[in-house]
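> Below is model38.cif; it holds mmCIF, C-alpha atoms.
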```cif
data_coords
loop_
_atom_site.label_atom_id
_atom_site.label_comp_id
_atom_site.auth_asym_id
_atom_site.auth_seq_id
_atom_site.Cartn_x
_atom_site.Cartn_y
_atom_site.Cartn_z
CA MET A 17 52.16 54.86 -20.97
CA ARG A 18 53.25 53.02 -17.84
CA THR A 19 52.16 55.97 -15.71
CA ALA A 20 48.77 56.05 -17.41
CA GLY A 21 48.36 52.31 -16.90
CA ALA A 22 49.26 52.61 -13.21
CA ARG A 23 46.78 55.46 -12.78
CA GLY A 24 44.08 53.38 -14.44
CA ARG A 25 44.69 50.48 -12.09
CA VAL A 26 44.61 52.78 -9.08
CA ALA A 27 41.35 54.34 -10.29
CA VAL A 28 39.55 50.98 -10.40
CA LEU A 29 40.86 49.78 -7.04
CA PRO A 30 37.87 51.03 -4.98
CA ALA A 31 35.37 49.32 -7.29
CA ALA A 32 37.48 46.17 -7.47
CA ALA A 33 37.79 46.08 -3.68
CA LEU A 34 34.03 46.44 -3.26
CA VAL A 35 33.32 43.65 -5.76
CA ALA A 36 35.92 41.42 -4.14
CA LEU A 37 34.42 42.06 -0.71
CA LEU A 38 30.87 41.31 -1.79
CA LEU A 39 31.79 38.31 -3.93
CA GLY A 40 34.27 36.98 -1.40
CA GLY A 41 31.78 37.30 1.44
CA ALA A 42 29.08 35.54 -0.55
CA LEU A 43 31.43 32.71 -1.55
CA ALA A 44 32.69 32.32 2.00
CA GLY A 45 29.13 32.11 3.27
CA ALA A 46 28.24 29.53 0.62
CA VAL A 47 31.30 27.41 1.45
CA ARG A 48 30.38 27.48 5.13
CA ALA A 49 26.78 26.56 4.38
CA SER A 50 27.86 23.67 2.13
CA VAL A 51 29.89 21.98 4.89
CA THR A 52 27.76 22.90 7.90
CA PRO A 53 24.19 21.57 7.88
CA LEU A 54 21.58 23.53 9.77
CA GLY A 55 22.31 23.06 13.47
CA GLY A 56 25.01 20.47 12.80
CA GLU A 57 28.77 19.99 12.75
CA PRO A 58 31.05 20.56 9.73
CA THR A 59 30.87 17.62 7.32
CA LEU A 60 31.28 16.82 3.64
CA VAL A 61 28.16 14.68 3.45
CA ALA A 62 26.34 17.23 1.29
CA TRP A 63 29.17 17.28 -1.25
CA ARG A 64 29.37 13.48 -1.35
CA ASP A 65 25.65 13.05 -1.77
CA LEU A 66 25.50 15.80 -4.40
CA LEU A 67 28.22 14.32 -6.60
CA ALA A 68 26.67 10.87 -6.29
CA ALA A 69 23.13 11.96 -7.17
CA PRO A 70 22.11 11.00 -10.74
CA GLU A 71 19.59 13.87 -10.73
CA PHE A 72 22.40 16.36 -10.21
CA ARG A 73 24.48 14.84 -12.99
CA ASP A 74 21.50 15.14 -15.33
CA ALA A 75 21.04 18.74 -14.18
CA VAL A 76 24.69 19.52 -14.97
CA VAL A 77 24.44 18.03 -18.46
CA PHE A 78 21.16 19.82 -19.18
CA THR A 79 22.42 23.16 -17.85
CA VAL A 80 25.74 23.08 -19.70
CA ARG A 81 24.04 21.99 -22.91
CA THR A 82 21.50 24.81 -22.64
CA ALA A 83 24.20 27.37 -21.81
CA VAL A 84 26.45 26.30 -24.70
CA LEU A 85 23.59 26.24 -27.22
CA THR A 86 22.30 29.62 -26.07
CA THR A 87 25.74 31.23 -26.15
CA VAL A 88 26.70 29.89 -29.57
CA LEU A 89 23.39 30.81 -31.19
CA ALA A 90 23.30 34.24 -29.54
CA ALA A 91 26.85 34.99 -30.67
CA ALA A 92 26.16 33.91 -34.25
CA LEU A 93 22.88 35.83 -34.52
CA ALA A 94 24.27 38.96 -32.86
CA THR A 95 27.33 38.97 -35.12
CA ALA A 96 25.24 38.55 -38.27
CA LEU A 97 22.81 41.24 -37.14
CA ALA A 98 25.60 43.64 -36.16
CA LEU A 99 27.20 43.32 -39.58
CA ARG A 100 23.83 43.94 -41.18
CA VAL A 101 22.81 47.05 -39.20
CA ARG A 102 26.19 48.58 -38.31
CA ARG A 103 25.49 51.54 -40.60
CA ALA A 104 21.85 51.89 -39.50
CA GLY A 105 20.57 54.97 -37.73
CA THR A 106 19.83 55.59 -34.09
CA VAL A 107 16.16 54.60 -34.37
CA VAL A 108 16.94 51.13 -35.70
CA ARG A 109 19.63 50.54 -33.08
CA THR A 110 17.30 51.67 -30.31
CA LEU A 111 14.52 49.35 -31.45
CA LEU A 112 16.89 46.40 -31.59
CA ALA A 113 18.17 47.15 -28.09
CA LEU A 114 14.71 47.42 -26.51
CA PRO A 115 14.68 43.84 -25.11
CA VAL A 116 17.87 44.46 -23.08
CA PRO A 117 16.24 46.16 -20.03
CA VAL A 118 13.21 43.83 -20.01
CA PRO A 119 13.40 41.32 -17.11
CA HIS A 120 13.97 37.71 -18.10
CA LEU A 121 11.06 36.58 -15.94
CA LEU A 122 8.68 38.93 -17.75
CA VAL A 123 9.70 37.48 -21.13
CA ALA A 124 9.31 33.94 -19.77
CA THR A 125 5.85 34.78 -18.39
CA VAL A 126 4.71 36.18 -21.73
CA ALA A 127 6.07 33.08 -23.46
CA VAL A 128 4.02 30.85 -21.15
CA LEU A 129 0.86 32.91 -21.72
CA TRP A 130 1.23 32.70 -25.49
CA LEU A 131 3.01 29.44 -26.26
CA ALA A 132 2.03 27.00 -23.51
CA PRO A 133 -0.57 24.31 -24.30
CA GLY A 134 -3.92 26.07 -24.17
CA GLY A 135 -2.22 29.46 -24.42
CA LEU A 136 -3.26 32.47 -26.46
CA ALA A 137 -1.45 31.36 -29.62
CA GLU A 138 -3.08 27.93 -29.56
CA ARG A 139 -6.49 29.49 -29.05
CA ALA A 140 -5.92 31.87 -31.95
CA ILE A 141 -4.40 29.58 -34.61
CA GLY A 142 -4.85 26.06 -33.26
CA ALA A 143 -2.32 23.53 -32.01
CA LEU A 144 1.30 24.61 -32.45
CA PRO A 145 3.51 22.32 -34.59
CA VAL A 146 6.21 22.17 -31.91
CA THR A 147 6.26 22.15 -28.13
CA LEU A 148 8.08 25.18 -26.75
CA VAL A 149 6.98 25.33 -23.12
CA ARG A 150 7.96 22.33 -20.93
CA ASP A 151 9.86 20.79 -23.83
CA GLU A 152 12.24 18.15 -22.48
CA HIS A 153 15.08 19.50 -24.62
CA GLY A 154 14.71 23.04 -23.26
CA VAL A 155 13.75 24.69 -26.56
CA GLY A 156 11.62 27.28 -24.79
CA ILE A 157 14.45 28.17 -22.42
CA VAL A 158 16.84 28.74 -25.31
CA LEU A 159 14.35 30.88 -27.23
CA VAL A 160 13.65 33.13 -24.23
CA TYR A 161 17.37 33.58 -23.64
CA LEU A 162 17.99 34.31 -27.31
CA TYR A 163 15.35 37.04 -27.22
CA LYS A 164 17.25 38.64 -24.35
CA GLU A 165 20.90 37.88 -25.06
CA VAL A 166 21.09 38.58 -28.80
CA PRO A 167 20.28 42.29 -28.25
CA PHE A 168 22.74 42.39 -25.34
CA LEU A 169 25.58 41.08 -27.51
CA LEU A 170 24.42 43.28 -30.37
CA VAL A 171 24.86 46.41 -28.24
CA LEU A 172 28.44 45.36 -27.43
CA LEU A 173 29.29 44.65 -31.05
CA LEU A 174 27.76 47.86 -32.40
CA ALA A 175 29.75 49.82 -29.84
CA ALA A 176 32.92 48.19 -31.16
CA LEU A 177 31.91 48.81 -34.78
CA GLY A 178 32.02 52.57 -34.33
CA ARG A 179 33.56 55.37 -36.34
CA GLY A 180 37.09 54.06 -35.93
CA HIS A 181 36.20 50.72 -37.47
CA ALA A 182 34.28 52.41 -40.29
CA GLU A 183 37.34 54.45 -41.19
CA ARG A 184 39.60 51.39 -41.17
CA ASP A 185 37.08 49.46 -43.28
CA GLU A 186 36.89 52.26 -45.85
CA ALA A 187 40.67 52.46 -46.00
CA ALA A 188 40.88 48.69 -46.56
CA ALA A 189 38.27 48.93 -49.32
CA ALA A 190 40.24 51.73 -50.97
CA LEU A 191 43.30 49.46 -50.97
CA GLY A 192 41.35 46.87 -52.93
CA LEU A 193 40.45 44.34 -50.22
CA SER A 194 37.34 42.27 -50.88
CA PRO A 195 34.41 42.25 -48.41
CA LEU A 196 35.49 38.82 -47.15
CA GLN A 197 39.06 40.00 -46.62
CA ARG A 198 37.84 43.09 -44.77
CA LEU A 199 35.64 40.88 -42.59
CA ARG A 200 38.61 38.66 -41.75
CA TRP A 201 41.35 41.26 -41.27
CA VAL A 202 39.45 44.38 -40.16
CA THR A 203 36.05 43.54 -38.70
CA TRP A 204 36.77 40.28 -36.90
CA PRO A 205 39.79 41.62 -34.93
CA THR A 206 37.58 44.53 -33.87
CA ILE A 207 34.66 42.52 -32.51
CA ARG A 208 36.28 39.32 -31.24
CA GLY A 209 37.29 40.79 -27.87
CA PRO A 210 33.88 42.26 -26.93
CA LEU A 211 32.16 39.17 -28.36
CA LEU A 212 34.29 36.85 -26.22
CA LEU A 213 33.64 38.76 -23.01
CA GLY A 214 29.95 39.08 -23.81
CA CYS A 215 29.68 35.34 -24.45
CA VAL A 216 31.22 34.63 -21.05
CA VAL A 217 28.61 36.87 -19.42
CA VAL A 218 25.81 35.08 -21.28
CA PHE A 219 27.16 31.62 -20.45
CA ALA A 220 27.64 32.44 -16.77
CA PHE A 221 24.17 33.95 -16.51
CA VAL A 222 22.47 30.94 -18.12
CA LEU A 223 24.51 28.64 -15.92
CA GLY A 224 23.18 30.17 -12.70
CA ALA A 225 19.70 31.47 -13.54
CA PHE A 226 16.58 29.65 -12.39
CA ASP A 227 13.64 31.94 -13.22
CA VAL A 228 13.38 31.18 -16.96
CA PRO A 229 13.89 27.39 -16.60
CA LEU A 230 11.38 27.36 -13.76
CA ALA A 231 8.79 29.15 -15.90
CA VAL A 232 9.20 27.48 -19.31
CA GLY A 233 11.57 24.55 -18.78
CA PRO A 234 10.77 20.86 -18.34
CA THR A 235 9.98 19.25 -15.02
CA TYR A 236 12.92 16.91 -15.61
CA PRO A 237 15.80 17.33 -16.16
CA GLN A 238 16.23 20.45 -14.09
CA THR A 239 18.95 23.07 -14.28
CA ILE A 240 21.55 23.38 -11.53
CA ALA A 241 19.78 26.38 -10.03
CA GLU A 242 16.43 24.56 -10.06
CA TYR A 243 18.05 21.56 -8.41
CA ALA A 244 19.46 23.81 -5.69
CA LEU A 245 16.06 25.44 -5.16
CA GLY A 246 14.38 22.07 -4.90
CA ALA A 247 16.99 20.87 -2.41
CA THR A 248 16.13 23.69 0.00
CA GLN A 249 12.46 22.77 -0.19
CA GLY A 250 12.90 19.01 0.12
CA ASP A 251 15.11 18.71 3.20
CA VAL A 252 15.08 21.37 5.89
CA VAL A 253 18.27 20.15 7.59
CA THR A 254 20.65 19.28 4.76
CA GLY A 255 18.90 21.07 1.89
CA GLN A 256 20.77 24.33 2.35
CA SER A 257 24.11 22.52 2.31
CA THR A 258 23.22 20.67 -0.87
CA ALA A 259 21.99 23.84 -2.54
CA ALA A 260 25.12 25.77 -1.54
CA ALA A 261 27.38 23.02 -2.88
CA ALA A 262 25.52 22.91 -6.21
CA LEU A 263 25.65 26.68 -6.67
CA LEU A 264 29.32 26.78 -5.67
CA LEU A 265 30.15 24.41 -8.51
CA ALA A 266 28.30 26.65 -10.98
CA ALA A 267 30.02 29.73 -9.56
CA ALA A 268 33.43 28.08 -9.81
CA VAL A 269 32.88 27.34 -13.50
CA SER A 270 31.80 30.94 -14.11
CA VAL A 271 34.84 32.37 -12.31
CA VAL A 272 37.22 30.13 -14.24
CA LEU A 273 35.60 31.07 -17.54
CA ALA A 274 35.79 34.77 -16.68
CA ALA A 275 39.49 34.50 -15.84
CA LEU A 276 40.21 32.63 -19.08
CA ALA A 277 38.19 35.18 -21.08
CA VAL A 278 40.07 38.12 -19.59
CA ARG A 279 43.37 36.44 -20.34
CA ALA A 280 42.30 35.64 -23.89
CA ALA A 281 41.03 39.20 -24.43
CA ARG A 282 44.39 40.60 -23.32
CA GLY A 283 46.13 38.25 -25.71
CA LEU A 284 43.89 39.33 -28.57
CA ARG A 285 44.50 42.99 -27.73
CA ASP A 286 48.27 42.55 -27.70
CA ALA A 287 48.30 40.40 -30.84
#
```
Is it possible to give me this structure as structure tokens?

Amino acid sequence: MRTAGARGRVAVLPAAALVALLLGGALAGAVRASVTPLGGEPTLVAWRDLLAAPEFRDAVVFTVRTAVLTTVLAAALATALALRVRRAGTVVRTLLALPVPVPHLLVATVAVLWLAPGGLAERAIGALPVTLVRDEHGVGIVLVYLYKEVPFLLVLLLAALGRGHAERDEAAAALGLSPLQRLRWVTWPTIRGPLLLGCVVVFAFVLGAFDVPLAVGPTYPQTIAEYALGATQGDVVTGQSTAAAALLLAAAVSVVLAALAVRAARGLRDA
């Protein structure tokens, strides 16, 4: 087993080295840009101004709130749907997975065309009872992400709920365990690892994406990525440093979450 584990680690070294090189180079470039304004000397002015800006603090709160809400709802809906369709055929699974390859920006664009004030839905049925596009609470952003991320998590969960799980579930039922007991002792240990890692991917993506918030989100507050984009357009000299600092903070949170998720997944696997 130790030999197999060592061989596995050696096999992934080339891919890991490539990822580390690309990610490390990008992070190094961002760090340099955050402390070196265009044509200037190294300074921490961009970091100081960023952390003192109330607009950035509002962007952090709005982004984290949107990411948490999206991740929690996507995880709950994907889990419920996976338990409902785990014995469904290939056609049903394929239909449910269709949104996965669709670009986020395309979904956001369709949402604007249909759900924005004066959009196709309003022209067809009249004024909508709720505001979804440009809503100050980011309802439209969350809905677009749910349309994309629920199928993504569903694919991960259905892969985990394969033949091996079905056999264990049938054996547990034959031993007299109730459906709730099988869910707790058989199904949940099977899906919690993939669900955890998938949730980290969803959270990190929402934390750093700007296309969907830019298309359907409110003018204020902005997300961190929108704030960074606006910084590059507002100040030619220091804007790049401000944007790099903002995105570095988002990247740091994502890296920390990924490390914690990997550690937790290993703990769950060994438990």
> Calculate how many Å separate atom CA of A:Val123 from atom CA of A:Ala231, rounding to one decimal.
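Going from atom CA of A:Val123 over to atom CA of A:Ala231 covers 9.9 Å.
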> Just so the selection is clear, what residues does the PyMOL selection byres ((chain A and resi 222) around 12) cover here, as JSON, numbers by chain?
{"A": [78, 79, 80, 81, 82, 83, 84, 85, 86, 87, 90, 120, 157, 158, 160, 161, 162, 164, 165, 215, 216, 217, 218, 219, 220, 221, 223, 224, 225, 226, 227, 228, 229, 239, 240, 241, 242, 266, 267, 269, 270]}
> Can you give me, as an MDAnalysis selection string, the residues this file yields under the PyMOL selection byres ((chain A and resi 141-148) around 10)?
chainID A and resid 127:128 131:140 149:159 232:234
> Check the smallest atom-to-atom distance from each of A:Leu169, A:Leu129, A:Leu37, A:Ala46 to A:Leu112 using all atoms listed in the file, then report the winner.
A:Leu169
> For A:Val47, work out the shell of residues within 10 Å, counting only C-alpha atoms and skipping chain neighbours fewer than 5 positions away, then give it as a PyMOL selection string.
chain A and resi 41-42+52+257+260-261+263-264
> Looking at all atoms listed in the file, which of A:Ala31, A:Leu39, A:Ala176, A:Val51 is the one that sits closest to A:Leu99?
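For A:Leu99, the nearest of the given residues is A:Ala176.
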> In Å, with one decimal, what is the gap from atom CA of A:Glu186 to atom CA of A:Val101?
16.4 Å
> Atom CA of A:Leu97 and atom CA of A:Gly192, how far apart in Å?
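A separation of 25.0 Å between them.
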> Could you spell out the hits of the PyMOL selection byres ((chain A and resi 256) around 10) on the shown file, as a ChimeraX atom specification?
/A:46,49-54,62,244-255,257-262
> Of the candidates A:Ala44, A:Val26, A:Ala75, A:Val271, which shows the shortest atom-to-atom distance to A:Tyr243, using all atoms listed in the file?
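Answer, going by the shortest atom-to-atom distance: A:Ala75.
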> Around (33.2, 39.2, -42.6), as given in the file, which residues come within 12 Å? Count all atoms listed in the file and list them as an MDAnalysis selection string.
chainID A and resid 95:100 185 193:208
> If the box runs along x, y and z of the file and leaves 8 Å on each side of stretch 152-167 of chain A, what are its centre and edge lengths in Å, one decimal, as JSON?

```
{"center_x": 16.4, "center_y": 30.2, "center_z": -25.6, "size_x": 25.5, "size_y": 40.1, "size_z": 22.4}
```
> Could you check which of A:Ala281, A:Leu276, A:Val88, A:Leu230 is closest to A:Thr125, using only C-alpha atoms?
A:Leu230
